[in-house]
$ cat target-v2.cif   # mmCIF, C-alpha atoms
data_final
loop_
_atom_site.label_atom_id
_atom_site.label_comp_id
_atom_site.auth_asym_id
_atom_site.auth_seq_id
_atom_site.Cartn_x
_atom_site.Cartn_y
_atom_site.Cartn_z
CA SER A 210 -27.15 7.67 4.84
CA SER A 211 -23.79 9.15 5.85
CA GLU A 212 -25.00 10.05 9.31
CA CYS A 213 -23.31 8.43 12.27
CA GLN A 214 -23.52 4.67 12.19
CA CYS A 215 -22.83 3.04 15.55
CA SER A 216 -19.61 1.09 15.31
CA SER A 217 -16.30 0.97 17.12
CA LEU A 218 -12.94 2.69 17.21
CA LEU A 219 -9.89 2.98 19.38
CA ARG A 220 -7.27 5.25 20.79
CA LEU A 221 -7.30 9.10 20.84
CA GLY A 222 -4.93 12.20 21.11
CA ILE A 223 -3.27 15.21 19.55
CA ILE A 224 -1.18 14.57 16.46
CA HIS A 225 1.00 17.21 14.93
CA VAL A 226 2.83 15.92 11.88
CA LYS A 227 5.61 18.24 10.79
CA LYS A 228 5.65 19.55 7.25
CA HIS A 229 8.16 17.65 5.20
CA THR A 230 10.61 19.46 2.99
CA LEU A 231 9.48 18.22 -0.40
CA VAL A 232 7.39 20.34 -2.72
CA LEU A 233 3.98 20.71 -1.06
CA PHE A 234 1.09 23.04 -1.60
CA HIS A 235 0.77 25.67 1.12
CA SER A 236 -2.92 24.95 1.71
CA LEU A 237 -2.42 21.21 1.92
CA ALA A 238 0.52 21.55 4.27
CA SER A 239 -1.39 23.83 6.62
CA ILE A 240 -4.33 21.45 6.74
CA VAL A 241 -2.78 18.01 6.68
CA SER A 242 0.43 18.66 8.58
CA GLU A 243 -1.67 19.78 11.54
CA LEU A 244 -4.09 16.87 11.50
CA THR A 245 -5.40 16.69 15.03
CA PHE A 246 -6.48 13.31 16.29
CA ASP A 247 -7.61 12.97 19.77
CA LEU A 248 -5.77 10.50 21.87
CA SER A 249 -5.42 10.01 25.53
CA PRO A 250 -2.72 10.77 26.48
CA PRO A 251 -1.76 13.11 23.59
CA GLN A 252 0.66 11.46 21.18
CA SER A 253 2.21 12.26 17.82
CA LEU A 254 1.94 10.21 14.66
CA LYS A 255 5.57 9.50 13.87
CA MET A 256 5.23 8.14 10.36
CA ARG A 257 7.32 9.00 7.32
CA CYS A 258 7.51 7.01 4.11
CA GLY A 259 9.65 7.27 1.01
CA THR A 260 7.41 5.40 -1.43
CA CYS A 261 3.79 4.59 -0.58
CA ALA A 262 1.44 2.22 -2.36
CA LEU A 263 -2.07 3.63 -1.99
CA VAL A 264 -4.24 0.61 -2.73
CA THR A 265 -7.83 1.40 -3.66
CA SER A 266 -10.70 -1.04 -3.21
CA SER A 267 -11.53 -1.05 -6.92
CA GLY A 268 -12.37 -4.07 -9.05
CA GLN A 269 -9.71 -2.72 -11.43
CA LEU A 270 -7.26 -4.65 -9.25
CA THR A 271 -8.84 -8.06 -9.85
CA GLY A 272 -6.42 -10.22 -11.81
CA SER A 273 -3.78 -7.47 -11.82
CA LYS A 274 -1.05 -9.53 -10.09
CA ARG A 275 0.30 -6.30 -8.60
CA GLY A 276 0.65 -7.80 -5.12
CA GLN A 277 4.42 -8.27 -4.99
CA GLU A 278 4.99 -4.84 -6.51
CA ILE A 279 2.71 -3.27 -3.87
CA ASP A 280 4.39 -5.10 -1.00
CA ARG A 281 7.83 -3.86 -2.10
CA SER A 282 6.75 -0.29 -1.24
CA GLU A 283 8.06 1.13 2.00
CA CYS A 284 4.49 1.81 3.18
CA VAL A 285 1.21 0.29 2.02
CA ILE A 286 -2.01 2.25 2.56
CA ARG A 287 -5.47 0.66 2.40
CA MET A 288 -9.01 1.87 2.95
CA ASN A 289 -12.02 0.80 5.01
CA ASP A 290 -12.50 -2.97 5.27
CA ALA A 291 -10.67 -3.91 2.04
CA PRO A 292 -9.05 -7.30 2.76
CA SER A 293 -5.74 -8.68 1.60
CA VAL A 294 -6.38 -12.31 2.62
CA ARG A 295 -7.41 -14.33 -0.47
CA HIS A 296 -6.40 -11.37 -2.68
CA GLN A 297 -2.66 -11.17 -1.98
CA GLN A 298 -1.64 -11.88 -5.57
CA ASP A 299 -3.47 -8.76 -6.77
CA VAL A 300 -3.30 -6.34 -3.81
CA GLY A 301 -0.41 -7.57 -1.64
CA GLN A 302 -0.57 -8.48 2.02
CA ARG A 303 1.22 -5.73 3.97
CA THR A 304 -0.67 -2.81 5.55
CA SER A 305 1.16 0.16 7.10
CA LEU A 306 -1.81 2.54 7.31
CA ARG A 307 -5.54 1.98 7.01
CA VAL A 308 -7.99 4.89 6.72
CA ILE A 309 -11.52 3.93 7.78
CA ALA A 310 -14.90 5.68 7.52
CA HIS A 311 -17.35 5.55 10.43
CA SER A 312 -19.76 3.70 8.12
CA SER A 313 -17.25 0.87 7.63
CA LEU A 314 -16.52 0.24 11.29
CA GLN A 315 -19.04 -2.54 11.74
CA ARG A 316 -17.56 -4.45 8.81
CA VAL A 317 -14.04 -3.88 10.16
CA LEU A 318 -15.11 -5.35 13.49
CA GLN A 319 -16.65 -8.35 11.79
CA SER A 320 -13.26 -9.00 10.17
CA ARG A 321 -11.31 -7.96 13.27
CA GLN A 322 -9.09 -11.06 13.39
CA GLU A 323 -7.65 -10.08 10.03
CA LEU A 324 -8.00 -6.29 9.91
CA LEU A 325 -7.28 -5.43 13.55
CA ASN A 326 -4.22 -7.64 13.75
CA ALA A 327 -1.58 -5.80 15.78
CA SER A 328 1.27 -7.96 14.43
CA GLN A 329 1.74 -5.76 11.35
CA ASP A 330 2.07 -2.62 13.48
CA THR A 331 -0.56 -0.95 11.31
CA VAL A 332 -1.66 2.62 12.00
CA PHE A 333 -5.44 3.16 11.81
CA ILE A 334 -7.07 6.53 11.14
CA PHE A 335 -10.85 6.84 11.47
CA TRP A 336 -13.03 9.66 10.24
CA GLY A 337 -16.69 10.51 10.75
CA PRO A 338 -19.15 13.37 11.31
CA SER A 339 -19.07 15.20 14.62
CA SER A 340 -22.29 13.50 15.73
CA CYS A 341 -20.31 10.24 15.86
CA MET A 342 -17.21 11.67 17.46
CA ARG A 343 -18.60 13.96 20.16
CA ARG A 344 -17.16 13.39 23.60
CA ASP A 345 -20.15 14.25 25.79
CA GLY A 346 -21.35 10.66 26.01
CA LYS A 347 -23.55 10.92 22.90
CA GLY A 348 -20.89 10.10 20.32
CA HIS A 349 -21.45 6.40 19.78
CA VAL A 350 -18.32 5.86 17.73
CA TYR A 351 -16.18 7.76 20.21
CA ASN A 352 -17.67 5.79 23.11
CA ASN A 353 -16.96 2.49 21.37
CA LEU A 354 -13.46 3.70 20.59
CA ARG A 355 -12.69 4.18 24.25
CA LEU A 356 -13.99 0.72 25.04
CA LEU A 357 -12.12 -0.92 22.18
CA ASN A 358 -8.93 0.83 23.25
CA GLN A 359 -9.23 -0.87 26.62
CA LEU A 360 -9.71 -4.24 24.95
CA LEU A 361 -6.94 -3.85 22.35
CA PRO A 362 -4.48 -1.33 23.83
CA LYS A 363 -1.64 -2.22 21.43
CA LEU A 364 -3.46 -1.01 18.32
CA LYS A 365 -2.35 2.39 17.05
CA ILE A 366 -5.62 4.10 16.20
CA TYR A 367 -6.45 7.76 15.72
CA ILE A 368 -9.49 9.82 14.81
CA ILE A 369 -9.68 13.03 12.82
CA SER A 370 -10.95 15.86 15.02
CA ARG A 371 -14.02 17.97 14.27
CA ILE A 372 -11.89 21.04 13.47
CA LYS A 373 -9.76 19.12 10.99
CA MET A 374 -12.86 17.63 9.38
CA LEU A 375 -13.90 21.22 8.68
CA ASN A 376 -10.46 21.87 7.23
CA PHE A 377 -10.95 18.99 4.79
CA ASP A 378 -14.26 20.58 3.74
CA GLU A 379 -12.43 23.85 3.17
CA LEU A 380 -9.79 22.09 1.06
CA PHE A 381 -12.53 20.54 -1.09
CA LYS A 382 -14.17 23.94 -1.63
CA LYS A 383 -10.87 25.62 -2.50
CA GLU A 384 -10.04 22.94 -5.05
CA THR A 385 -13.46 22.61 -6.69
CA GLY A 386 -15.42 25.77 -5.93
CA ILE A 387 -18.13 23.49 -4.50
CA ASP A 388 -19.44 23.80 -0.97
CA ARG A 389 -19.68 20.27 0.36
CA LYS A 390 -22.71 20.82 2.59
CA SER A 391 -24.84 22.92 0.27
CA SER A 392 -24.22 20.47 -2.59
CA ASN A 393 -25.30 17.52 -0.41
CA SER A 394 -21.87 15.93 -0.78
CA TRP A 395 -19.84 13.71 1.50
CA LEU A 396 -16.10 13.46 1.06
CA SER A 397 -15.03 9.90 0.34
CA THR A 398 -12.50 7.87 2.29
CA GLY A 399 -10.32 8.22 -0.82
CA TRP A 400 -10.26 12.01 -0.33
CA PHE A 401 -9.01 11.74 3.24
CA THR A 402 -6.56 8.98 2.31
CA MET A 403 -4.98 10.88 -0.57
CA ALA A 404 -4.59 14.08 1.47
CA ILE A 405 -3.03 12.20 4.40
CA ALA A 406 -0.71 10.27 2.04
CA LEU A 407 0.52 13.53 0.54
CA GLU A 408 1.76 14.57 3.94
CA LEU A 409 3.30 11.23 4.91
CA CYS A 410 4.83 10.02 1.63
CA ASP A 411 7.55 11.35 -0.67
CA ARG A 412 6.09 9.40 -3.61
CA ILE A 413 2.57 7.97 -3.93
CA ASN A 414 1.83 5.08 -6.29
CA VAL A 415 -1.95 4.76 -6.55
CA TYR A 416 -3.28 1.35 -7.58
CA GLY A 417 -6.76 0.86 -9.05
CA MET A 418 -7.88 4.48 -9.50
CA VAL A 419 -9.31 5.34 -12.92
CA PRO A 420 -8.84 8.77 -14.57
CA PRO A 421 -11.66 11.33 -14.17
CA ASP A 422 -13.11 10.82 -17.67
CA PHE A 423 -12.89 7.00 -17.62
CA CYS A 424 -16.56 6.31 -16.91
CA ARG A 425 -17.79 8.79 -19.53
CA SER A 426 -16.38 6.59 -22.28
CA SER A 427 -18.91 4.17 -23.75
CA SER A 428 -16.17 1.56 -24.20
CA HIS A 429 -14.99 1.37 -20.60
CA PRO A 430 -14.79 -2.17 -19.19
CA SER A 431 -17.27 -3.14 -16.50
CA VAL A 432 -15.67 -4.02 -13.15
CA PRO A 433 -17.14 -4.32 -9.65
CA TYR A 434 -16.96 -1.33 -7.31
CA HIS A 435 -14.94 -3.45 -4.84
CA TYR A 436 -12.46 -6.17 -5.82
CA TYR A 437 -13.61 -8.24 -2.83
CA GLU A 438 -17.29 -8.08 -3.85
CA PRO A 439 -17.28 -9.52 -7.39
CA SER A 440 -21.09 -9.63 -7.51
CA GLY A 441 -21.46 -6.12 -6.13
CA PRO A 442 -22.43 -2.95 -8.03
CA ASP A 443 -20.59 -1.81 -11.14
CA GLU A 444 -17.85 0.74 -10.43
CA CYS A 445 -18.77 3.29 -13.10
CA SER A 446 -22.49 2.99 -12.35
CA MET A 447 -21.69 3.83 -8.73
CA TYR A 448 -19.44 6.75 -9.66
CA LEU A 449 -21.90 8.27 -12.13
CA SER A 450 -24.98 7.88 -9.94
CA HIS A 451 -23.23 9.55 -7.01
CA GLU A 452 -21.77 12.32 -9.15
CA ARG A 453 -25.08 13.22 -10.77
CA SER A 454 -27.37 12.92 -7.76
CA ARG A 455 -28.66 16.09 -6.14
CA ARG A 456 -30.96 14.48 -3.58
CA GLY A 457 -29.65 13.08 -0.35
CA SER A 458 -25.96 12.94 0.52
CA HIS A 459 -23.54 11.46 -2.00
CA HIS A 460 -19.84 11.20 -2.73
CA ARG A 461 -18.52 13.17 -5.70
CA PHE A 462 -16.10 10.49 -6.85
CA ILE A 463 -15.39 11.93 -10.29
CA THR A 464 -14.92 15.47 -8.96
CA GLU A 465 -12.44 14.13 -6.42
CA LYS A 466 -10.53 12.23 -9.09
CA THR A 467 -10.29 15.43 -11.12
CA VAL A 468 -8.64 17.11 -8.13
CA PHE A 469 -6.25 14.17 -7.67
CA ALA A 470 -5.29 14.37 -11.34
CA ASN A 471 -4.58 18.09 -10.92
CA TRP A 472 -2.42 17.42 -7.88
CA ALA A 473 -0.50 14.76 -9.81
CA ARG A 474 0.56 17.36 -12.37
CA THR A 475 2.87 18.97 -9.80
CA LEU A 476 3.21 16.43 -6.99
CA ASN A 477 4.87 13.00 -6.93
CA ILE A 478 1.66 11.00 -7.51
CA HIS A 479 1.50 8.17 -10.07
CA PHE A 480 -1.41 5.98 -11.18
CA TYR A 481 -1.32 2.25 -11.97
CA GLN A 482 -3.92 -0.37 -12.87
CA PRO A 483 -4.99 1.30 -15.02
CA ASP A 484 -1.74 3.10 -15.83
CA TRP A 485 -2.37 6.74 -16.74
CA GLU A 486 -0.93 10.22 -16.47
CA PRO A 487 -2.94 13.42 -15.97
CA ALA A 488 -3.57 15.55 -19.03
CA ALA A 489 -1.90 18.96 -19.25
CA ALA A 490 -5.05 20.51 -17.80
CA ILE A 491 -7.89 18.74 -16.05
CA GLY A 492 -11.36 20.25 -16.13
CA ALA A 493 -12.21 23.65 -14.77
CA MET A 494 -11.06 23.08 -11.24
CA ASN A 495 -10.56 25.98 -8.90
CA SER A 496 -7.08 24.99 -7.75
CA SER A 497 -5.75 27.58 -5.36
CA TYR A 498 -2.50 25.73 -4.79
CA THR A 499 0.93 26.96 -5.76
CA PRO A 500 3.90 24.70 -5.08
CA ALA A 501 5.90 25.63 -1.99
CA PRO A 502 9.63 26.08 -2.53
CA ALA A 503 11.62 22.96 -1.77
CA GLY A 504 12.95 23.01 1.76
CA SER A 505 10.21 25.32 3.04
#

$ encode --input "target-v2.cif" --output "structure tokens"
Amino acid sequence: SSECQCSSLLRLGIIHVKKHTLVLFHSLASIVSELTFDLSPPQSLKMRCGTCALVTSSGQLTGSKRGQEIDRSECVIRMNDAPSVRHQQDVGQRTSLRVIAHSSLQRVLQSRQELLNASQDTVFIFWGPSSCMRRDGKGHVYNNLRLLNQLLPKLKIYIISRIKMLNFDELFKKETGIDRKSSNSWLSTGWFTMAIALELCDRINVYGMVPPDFCRSSSHPSVPYHYYEPSGPDECSMYLSHERSRRGSHHRFITEKTVFANWARTLNIHFYQPDWEPAAAIGAMNSSYTPAPAGS
């Protein structure tokens, strides 16, 4: 279930990240540059990166030895509770930004000595449904956030507001023609992470993300869904079962990857491990984006 799972978070406030001057899509800029997180007192996320390594949690990274390459990036972005300890050779050890789903918070807390280490000056962004984040005393995640902020005041942690969560839904519908709610879909942490990275980074190097048609090939190699869970479910089995399911709430991993591939045709996004470039045209997406003039 993707409903609110009681876990913990931290610090809140208003963030207004200015549009940068590189080529950006109008829709993306209007949504992501005005990401509102709720902090007390209101603060701004002052983060700008030349080159970002967006490190997925995929088993594609196992044995890749990409760690040093990843750590040479100006900023390193990770997701949920994906660890670097014991995996440094493949995924590096630095973390500049970590984007975390409400459903991963319990696991993050269980690994708090590693993941919530303030020494790296990591920025944390949490997302979750409004039922988790409500501020009337009934939002369990929000309540735990306030408490955790008191315990660990040095951590830089933000949450995505309800209004901006709706904006991410709108972005998904504009890009795919699919209504997230009526299709029983939940956006993945990868969706939020890629959209946020587009606003913060001049260049994004994505590590461990397969192309949209990868799992439809009968010859694709079998790798675990997470590099840190070698006995866990198969990555492609997970992607295909979620993509095809119409009952219950599921992520549309392959649909999202098709959107990312479309974005990479005009934006400074590059894919490694596996290394691939988007085809001239990807699927029948509904892309409403037109590049904004440089300097706008």

$ closest_atom_pairs --input "target-v2.cif" --of "range 296-395 of chain A" --to "range 256-271 of chain A" --cutoff "12 Å" --atoms "only C-alpha atoms" --output "tab-separated table"
residue	atom	partner	partner_atom	distance
A:His296	CA	A:Thr271	CA	8.3
A:Gln297	CA	A:Thr271	CA	10.5
A:Gln298	CA	A:Thr271	CA	9.2
A:Asp299	CA	A:Leu270	CA	6.1
A:Val300	CA	A:Leu270	CA	6.9
A:Gly301	CA	A:Val264	CA	9.1
A:Gln302	CA	A:Val264	CA	10.9
A:Arg303	CA	A:Ala262	CA	10.2
A:Thr304	CA	A:Ala262	CA	9.6
A:Ser305	CA	A:Cys261	CA	9.2
A:Leu306	CA	A:Leu263	CA	9.4
A:Arg307	CA	A:Leu263	CA	9.8
A:Val308	CA	A:Leu263	CA	10.6
A:Asp330	CA	A:Met256	CA	11.6
A:Thr331	CA	A:Met256	CA	10.8
A:Val332	CA	A:Met256	CA	9.0
A:Phe333	CA	A:Met256	CA	11.9
A:Lys365	CA	A:Met256	CA	11.6

$ closest_residue --input "target-v2.cif" --among "A:Lys383, A:Arg412, A:Lys363, A:Lys466" --to "Leu325 in chain A" --atoms "all atoms listed in the file"
A:Lys363

$ closest_residue --input "target-v2.cif" --among "A:Ile369, A:Leu375, A:Leu318, A:Leu476" --to "Asn353 in chain A" --atoms "only C-alpha atoms"
A:Leu318

$ closest_residue --input "target-v2.cif" --among "A:Gly386, A:Ile413, A:Thr402, A:Gln277" --to "Ile309 in chain A" --atoms "all atoms listed in the file"
A:Thr402

$ closest_residue --input "target-v2.cif" --among "A:Arg355, A:Gln329, A:Trp395, A:Lys390" --to "Tyr367 in chain A" --atoms "only C-alpha atoms"
A:Arg355

$ residues_around --input "target-v2.cif" --residues "Ser394 in chain A" --least-positions-apart "4" --cutoff "7 Å" --atoms "only C-alpha atoms" --output "list in words"
Arg389, Lys390, Ser458, His459, His460 and Arg461 of chain A

$ closest_residue --input "target-v2.cif" --among "A:Lys274, A:Arg321, A:Asn471, A:Ile405" --to "Leu357 in chain A" --atoms "all atoms listed in the file"
A:Arg321

$ closest_residue --input "target-v2.cif" --among "A:Asn393, A:Gly337, A:Asp345, A:Gly276" --to "Ile372 in chain A" --atoms "all atoms listed in the file"
A:Gly337
